[in-house]
file start-v9.tsv (TSV, N, CA and C atoms)
chain	number	residue	atom	x	y	z
S	1	MET	N	242.56	358.44	-188.23
S	1	MET	CA	243.73	358.91	-188.92
S	1	MET	C	243.88	360.42	-188.73
S	2	LEU	N	242.76	361.14	-188.80
S	2	LEU	CA	242.82	362.59	-188.59
S	2	LEU	C	243.34	362.92	-187.19
S	3	ASP	N	242.92	362.12	-186.21
S	3	ASP	CA	243.42	362.33	-184.85
S	3	ASP	C	244.93	362.16	-184.79
S	4	ARG	N	245.45	361.15	-185.46
S	4	ARG	CA	246.88	360.90	-185.46
S	4	ARG	C	247.64	362.04	-186.13
S	5	ILE	N	247.11	362.56	-187.24
S	5	ILE	CA	247.75	363.67	-187.93
S	5	ILE	C	247.74	364.91	-187.04
S	6	ALA	N	246.59	365.17	-186.40
S	6	ALA	CA	246.49	366.33	-185.53
S	6	ALA	C	247.46	366.21	-184.35
S	7	GLN	N	247.57	365.01	-183.78
S	7	GLN	CA	248.49	364.79	-182.67
S	7	GLN	C	249.93	365.01	-183.12
S	8	ARG	N	250.27	364.50	-184.30
S	8	ARG	CA	251.63	364.65	-184.81
S	8	ARG	C	251.95	366.12	-185.06
S	9	ASP	N	251.01	366.85	-185.66
S	9	ASP	CA	251.23	368.26	-185.95
S	9	ASP	C	251.34	369.10	-184.68
S	10	SER	N	250.63	368.71	-183.64
S	10	SER	CA	250.68	369.47	-182.39
S	10	SER	C	251.82	369.03	-181.49
S	11	GLY	N	252.51	367.96	-181.86
S	11	GLY	CA	253.63	367.48	-181.07
S	11	GLY	C	253.23	366.50	-179.99
S	12	GLU	N	251.94	366.15	-179.91
S	12	GLU	CA	251.49	365.19	-178.92
S	12	GLU	C	251.92	363.78	-179.30
S	13	THR	N	252.03	362.93	-178.32
S	13	THR	CA	252.35	361.54	-178.56
S	13	THR	C	251.05	360.80	-178.86
S	14	PRO	N	251.02	359.99	-179.94
S	14	PRO	CA	249.80	359.22	-180.22
S	14	PRO	C	249.43	358.35	-179.02
S	15	GLN	N	248.14	358.20	-178.78
S	15	GLN	CA	247.68	357.46	-177.63
S	15	GLN	C	247.86	355.96	-177.78
S	16	SER	N	247.90	355.47	-178.97
S	16	SER	CA	248.04	354.04	-179.19
S	16	SER	C	249.51	353.65	-179.18
S	17	ASN	N	249.84	352.63	-178.42
S	17	ASN	CA	251.21	352.12	-178.38
S	17	ASN	C	251.41	350.96	-179.34
S	18	ASP	N	250.39	350.65	-180.11
S	18	ASP	CA	250.49	349.54	-181.05
S	18	ASP	C	251.46	349.89	-182.16
S	19	ILE	N	252.26	348.92	-182.54
S	19	ILE	CA	253.16	349.09	-183.67
S	19	ILE	C	252.39	348.69	-184.92
S	20	PRO	N	252.24	349.60	-185.87
S	20	PRO	CA	251.47	349.26	-187.07
S	20	PRO	C	252.19	348.21	-187.91
S	21	LYS	N	251.39	347.35	-188.50
S	21	LYS	CA	251.95	346.35	-189.40
S	21	LYS	C	252.35	347.01	-190.70
S	22	ASP	N	253.42	346.51	-191.31
S	22	ASP	CA	253.85	347.05	-192.60
S	22	ASP	C	253.05	346.37	-193.69
S	23	ASP	N	252.05	347.09	-194.19
S	23	ASP	CA	251.21	346.53	-195.23
S	23	ASP	C	251.63	347.02	-196.62
S	24	GLY	N	252.80	347.63	-196.70
S	24	GLY	CA	253.30	348.11	-197.98
S	24	GLY	C	252.83	349.51	-198.33
S	25	LYS	N	251.94	350.07	-197.53
S	25	LYS	CA	251.44	351.41	-197.79
S	25	LYS	C	252.31	352.42	-197.05
S	26	VAL	N	252.39	353.61	-197.60
S	26	VAL	CA	253.14	354.68	-196.95
S	26	VAL	C	252.36	355.10	-195.71
S	27	SER	N	253.05	355.22	-194.60
S	27	SER	CA	252.38	355.60	-193.36
S	27	SER	C	251.97	357.06	-193.42
S	28	ASP	N	251.34	357.52	-192.33
S	28	ASP	CA	250.91	358.92	-192.31
S	28	ASP	C	252.10	359.86	-192.31
S	29	LYS	N	253.28	359.34	-192.06
S	29	LYS	CA	254.50	360.14	-192.19
S	29	LYS	C	255.02	359.90	-193.62
S	30	SER	N	254.56	360.71	-194.54
S	30	SER	CA	254.90	360.51	-195.94
S	30	SER	C	256.32	360.96	-196.24
S	31	LEU	N	256.84	360.45	-197.33
S	31	LEU	CA	258.19	360.81	-197.75
S	31	LEU	C	258.24	362.26	-198.22
S	32	GLU	N	259.32	362.91	-197.92
S	32	GLU	CA	259.53	364.27	-198.39
S	32	GLU	C	260.03	364.21	-199.83
S	33	GLY	N	259.88	365.31	-200.54
S	33	GLY	CA	260.32	365.38	-201.93
S	33	GLY	C	261.80	365.05	-202.10
S	34	ARG	N	262.63	365.50	-201.15
S	34	ARG	CA	264.06	365.22	-201.24
S	34	ARG	C	264.35	363.74	-201.12
S	35	GLU	N	263.59	363.07	-200.25
S	35	GLU	CA	263.79	361.64	-200.07
S	35	GLU	C	263.39	360.87	-201.34
S	36	ILE	N	262.29	361.28	-201.94
S	36	ILE	CA	261.84	360.65	-203.18
S	36	ILE	C	262.88	360.87	-204.27
S	37	ALA	N	263.38	362.09	-204.39
S	37	ALA	CA	264.40	362.39	-205.39
S	37	ALA	C	265.66	361.57	-205.14
S	38	SER	N	266.08	361.48	-203.89
S	38	SER	CA	267.28	360.71	-203.57
S	38	SER	C	267.12	359.24	-203.88
S	39	MET	N	265.98	358.67	-203.51
S	39	MET	CA	265.75	357.25	-203.79
S	39	MET	C	265.64	357.00	-205.30
S	40	SER	N	265.05	357.94	-206.02
S	40	SER	CA	264.96	357.81	-207.48
S	40	SER	C	266.34	357.84	-208.12
S	41	LYS	N	267.18	358.75	-207.63
S	41	LYS	CA	268.56	358.84	-208.14
S	41	LYS	C	269.31	357.55	-207.86
S	42	LEU	N	269.13	357.02	-206.66
S	42	LEU	CA	269.81	355.78	-206.27
S	42	LEU	C	269.37	354.63	-207.16
S	43	LEU	N	268.07	354.46	-207.34
S	43	LEU	CA	267.56	353.39	-208.20
S	43	LEU	C	268.08	353.55	-209.62
S	44	THR	N	268.06	354.75	-210.14
S	44	THR	CA	268.52	355.00	-211.51
S	44	THR	C	270.01	354.71	-211.65
S	45	ALA	N	270.80	355.14	-210.68
S	45	ALA	CA	272.25	354.89	-210.73
S	45	ALA	C	272.54	353.40	-210.74
S	46	ILE	N	271.86	352.64	-209.89
S	46	ILE	CA	272.07	351.19	-209.85
S	46	ILE	C	271.60	350.55	-211.15
S	47	ALA	N	270.45	350.98	-211.65
S	47	ALA	CA	269.92	350.41	-212.90
S	47	ALA	C	270.87	350.66	-214.07
S	48	ILE	N	271.46	351.85	-214.12
S	48	ILE	CA	272.38	352.18	-215.22
S	48	ILE	C	273.69	351.42	-215.08
S	49	THR	N	274.30	351.49	-213.91
S	49	THR	CA	275.64	350.91	-213.76
S	49	THR	C	275.65	349.40	-213.64
S	50	GLU	N	274.63	348.81	-213.01
S	50	GLU	CA	274.64	347.37	-212.78
S	50	GLU	C	273.82	346.57	-213.78
S	51	TYR	N	272.83	347.20	-214.39
S	51	TYR	CA	271.94	346.48	-215.30
S	51	TYR	C	271.96	347.01	-216.73
S	52	GLY	N	272.70	348.08	-216.97
S	52	GLY	CA	272.79	348.62	-218.32
S	52	GLY	C	271.55	349.36	-218.77
S	53	TYR	N	270.82	349.92	-217.83
S	53	TYR	CA	269.60	350.65	-218.17
S	53	TYR	C	269.92	351.85	-219.04
S	54	ASP	N	269.19	351.97	-220.15
S	54	ASP	CA	269.34	353.10	-221.06
S	54	ASP	C	268.12	354.01	-220.86
S	55	THR	N	268.36	355.21	-220.40
S	55	THR	CA	267.27	356.14	-220.09
S	55	THR	C	266.47	356.54	-221.32
S	56	GLN	N	267.04	356.37	-222.50
S	56	GLN	CA	266.36	356.74	-223.74
S	56	GLN	C	265.51	355.61	-224.32
S	57	ASN	N	265.70	354.39	-223.84
S	57	ASN	CA	264.99	353.23	-224.36
S	57	ASN	C	263.62	353.11	-223.70
S	58	ARG	N	262.57	353.40	-224.45
S	58	ARG	CA	261.21	353.38	-223.89
S	58	ARG	C	260.72	351.97	-223.60
S	59	ARG	N	261.30	350.96	-224.20
S	59	ARG	CA	260.87	349.57	-224.00
S	59	ARG	C	261.97	348.74	-223.32
S	60	SER	N	262.64	349.34	-222.39
S	60	SER	CA	263.73	348.68	-221.69
S	60	SER	C	263.23	347.47	-220.89
S	61	PRO	N	263.97	346.37	-220.92
S	61	PRO	CA	263.60	345.20	-220.11
S	61	PRO	C	264.01	345.34	-218.65
S	62	ILE	N	264.75	346.38	-218.31
S	62	ILE	CA	265.30	346.53	-216.97
S	62	ILE	C	264.22	346.66	-215.89
S	63	PRO	N	263.15	347.44	-216.09
S	63	PRO	CA	262.12	347.48	-215.05
S	63	PRO	C	261.53	346.10	-214.74
S	64	ARG	N	261.36	345.28	-215.75
S	64	ARG	CA	260.86	343.92	-215.52
S	64	ARG	C	261.87	343.11	-214.72
S	65	GLU	N	263.16	343.26	-215.05
S	65	GLU	CA	264.20	342.53	-214.31
S	65	GLU	C	264.22	342.96	-212.84
S	66	ILE	N	264.09	344.26	-212.60
S	66	ILE	CA	264.07	344.76	-211.23
S	66	ILE	C	262.84	344.24	-210.49
S	67	GLN	N	261.70	344.20	-211.18
S	67	GLN	CA	260.49	343.67	-210.57
S	67	GLN	C	260.67	342.20	-210.20
S	68	GLU	N	261.27	341.42	-211.08
S	68	GLU	CA	261.50	340.01	-210.80
S	68	GLU	C	262.45	339.82	-209.61
S	69	LEU	N	263.48	340.66	-209.52
S	69	LEU	CA	264.38	340.59	-208.37
S	69	LEU	C	263.64	340.91	-207.08
S	70	ALA	N	262.81	341.92	-207.11
S	70	ALA	CA	262.03	342.29	-205.93
S	70	ALA	C	261.08	341.15	-205.55
S	71	ASP	N	260.45	340.54	-206.54
S	71	ASP	CA	259.54	339.43	-206.28
S	71	ASP	C	260.26	338.27	-205.59
S	72	LEU	N	261.49	337.99	-206.01
S	72	LEU	CA	262.27	336.92	-205.37
S	72	LEU	C	262.49	337.18	-203.88
S	73	LEU	N	262.51	338.46	-203.51
S	73	LEU	CA	262.71	338.84	-202.11
S	73	LEU	C	261.40	339.04	-201.36
S	74	GLY	N	260.29	338.80	-202.06
S	74	GLY	CA	258.98	338.99	-201.44
S	74	GLY	C	258.54	340.44	-201.38
S	75	LEU	N	259.15	341.28	-202.22
S	75	LEU	CA	258.82	342.70	-202.26
S	75	LEU	C	257.97	342.96	-203.50
S	76	SER	N	256.77	343.40	-203.30
S	76	SER	CA	255.84	343.61	-204.40
S	76	SER	C	256.00	345.02	-204.97
S	77	LEU	N	256.42	345.10	-206.22
S	77	LEU	CA	256.55	346.37	-206.94
S	77	LEU	C	256.02	346.17	-208.35
S	78	SER	N	255.32	347.16	-208.86
S	78	SER	CA	254.87	347.06	-210.25
S	78	SER	C	255.93	347.66	-211.18
S	79	GLN	N	255.94	347.19	-212.41
S	79	GLN	CA	256.86	347.75	-213.40
S	79	GLN	C	256.58	349.22	-213.63
S	80	ASP	N	255.33	349.62	-213.55
S	80	ASP	CA	254.97	351.03	-213.73
S	80	ASP	C	255.60	351.89	-212.64
S	81	THR	N	255.58	351.40	-211.41
S	81	THR	CA	256.19	352.14	-210.30
S	81	THR	C	257.69	352.25	-210.51
S	82	ILE	N	258.32	351.16	-210.92
S	82	ILE	CA	259.76	351.17	-211.16
S	82	ILE	C	260.10	352.14	-212.28
S	83	ARG	N	259.35	352.09	-213.37
S	83	ARG	CA	259.58	353.02	-214.49
S	83	ARG	C	259.43	354.47	-214.04
S	84	LYS	N	258.43	354.73	-213.22
S	84	LYS	CA	258.19	356.09	-212.73
S	84	LYS	C	259.42	356.62	-211.99
S	85	TYR	N	259.98	355.82	-211.09
S	85	TYR	CA	261.12	356.27	-210.31
S	85	TYR	C	262.41	356.30	-211.13
S	86	LEU	N	262.53	355.40	-212.10
S	86	LEU	CA	263.68	355.47	-213.00
S	86	LEU	C	263.63	356.76	-213.83
S	87	LYS	N	262.44	357.10	-214.28
S	87	LYS	CA	262.28	358.33	-215.07
S	87	LYS	C	262.57	359.56	-214.20
S	88	THR	N	262.09	359.54	-212.98
S	88	THR	CA	262.34	360.66	-212.05
S	88	THR	C	263.84	360.80	-211.80
S	89	GLY	N	264.52	359.70	-211.53
S	89	GLY	CA	265.96	359.74	-211.28
S	89	GLY	C	266.75	360.20	-212.48
S	90	ALA	N	266.31	359.80	-213.67
S	90	ALA	CA	267.02	360.17	-214.90
S	90	ALA	C	266.98	361.68	-215.15
S	91	LYS	N	265.99	362.36	-214.60
S	91	LYS	CA	265.89	363.82	-214.76
S	91	LYS	C	267.08	364.54	-214.12
S	92	TYR	N	267.74	363.89	-213.18
S	92	TYR	CA	268.85	364.52	-212.47
S	92	TYR	C	270.21	364.27	-213.12
S	93	LEU	N	270.24	363.47	-214.19
S	93	LEU	CA	271.50	363.23	-214.89
S	93	LEU	C	271.96	364.52	-215.56
S	94	LEU	N	273.25	364.67	-215.72
S	94	LEU	CA	273.78	365.83	-216.43
S	94	LEU	C	273.22	365.86	-217.84
S	95	ARG	N	272.98	367.05	-218.35
S	95	ARG	CA	272.38	367.18	-219.69
S	95	ARG	C	273.19	366.50	-220.77
S	96	ASP	N	274.51	366.58	-220.66
S	96	ASP	CA	275.35	366.01	-221.70
S	96	ASP	C	275.77	364.55	-221.41
S	97	TRP	N	275.15	363.95	-220.39
S	97	TRP	CA	275.49	362.58	-220.05
S	97	TRP	C	274.97	361.62	-221.11
S	98	LYS	N	275.84	360.73	-221.51
S	98	LYS	CA	275.48	359.69	-222.48
S	98	LYS	C	275.93	358.35	-221.93
S	99	PRO	N	275.14	357.30	-222.15
S	99	PRO	CA	275.56	355.99	-221.66
S	99	PRO	C	276.81	355.52	-222.40
S	100	ASP	N	277.66	354.77	-221.71
S	100	ASP	CA	278.83	354.19	-222.36
S	100	ASP	C	278.37	353.13	-223.35
S	101	SER	N	278.93	353.17	-224.52
S	101	SER	CA	278.54	352.18	-225.54
S	101	SER	C	279.55	351.08	-225.63
call {"tool": "encode", "arguments": {"input": "start-v9.tsv", "output": "structure tokens"}}
result
Amino acid sequence: MLDRIAQRDSGETPQSNDIPKDDGKVSDKSLEGREIASMSKLLTAIAITEYGYDTQNRRSPIPREIQELADLLGLSLSQDTIRKYLKTGAKYLLRDWKPDS
């Protein structure tokens, strides 16, 4: 792995032509902070507008619903991970934003 990182940083092409299998782990090319923020915003926007997610509700059923939807598609996500990204995305809402009642 260190060789691959060193090759990437120096601009060299990795020697292995094998395509890595997607095992659900982040590859050595990790996400940038902007990408994480953008994906968090996207998840939060969908959760609020399509599922009625309330950012103030600490015991919201929405993370469980999202996890169940992902499971139906064969995508493994924990509720804790979903909550983490929903919380991150909610930080970008306008201060005076309130959910429609």
call {"tool": "closest_residue", "arguments": {"input": "start-v9.tsv", "among": "S:Leu31, S:Ala37, S:Leu43, S:Leu72", "to": "Leu86 of chain S", "atoms": "only N, CA and C atoms"}}
result
S:Leu43
call {"tool": "residues_around", "arguments": {"input": "start-v9.tsv", "residues": "Pro63 of chain S", "least_positions_apart": "4", "cutoff": "6.5 Å", "atoms": "all atoms listed in the file", "output": "JSON, numbers by chain"}}
result
{"S": [67, 68, 79, 82, 83]}
call {"tool": "atom_distance", "arguments": {"input": "start-v9.tsv", "atom1": "atom C of Ile46 of chain S", "atom2": "atom N of Lys87 of chain S"}}
result
11.7 Å
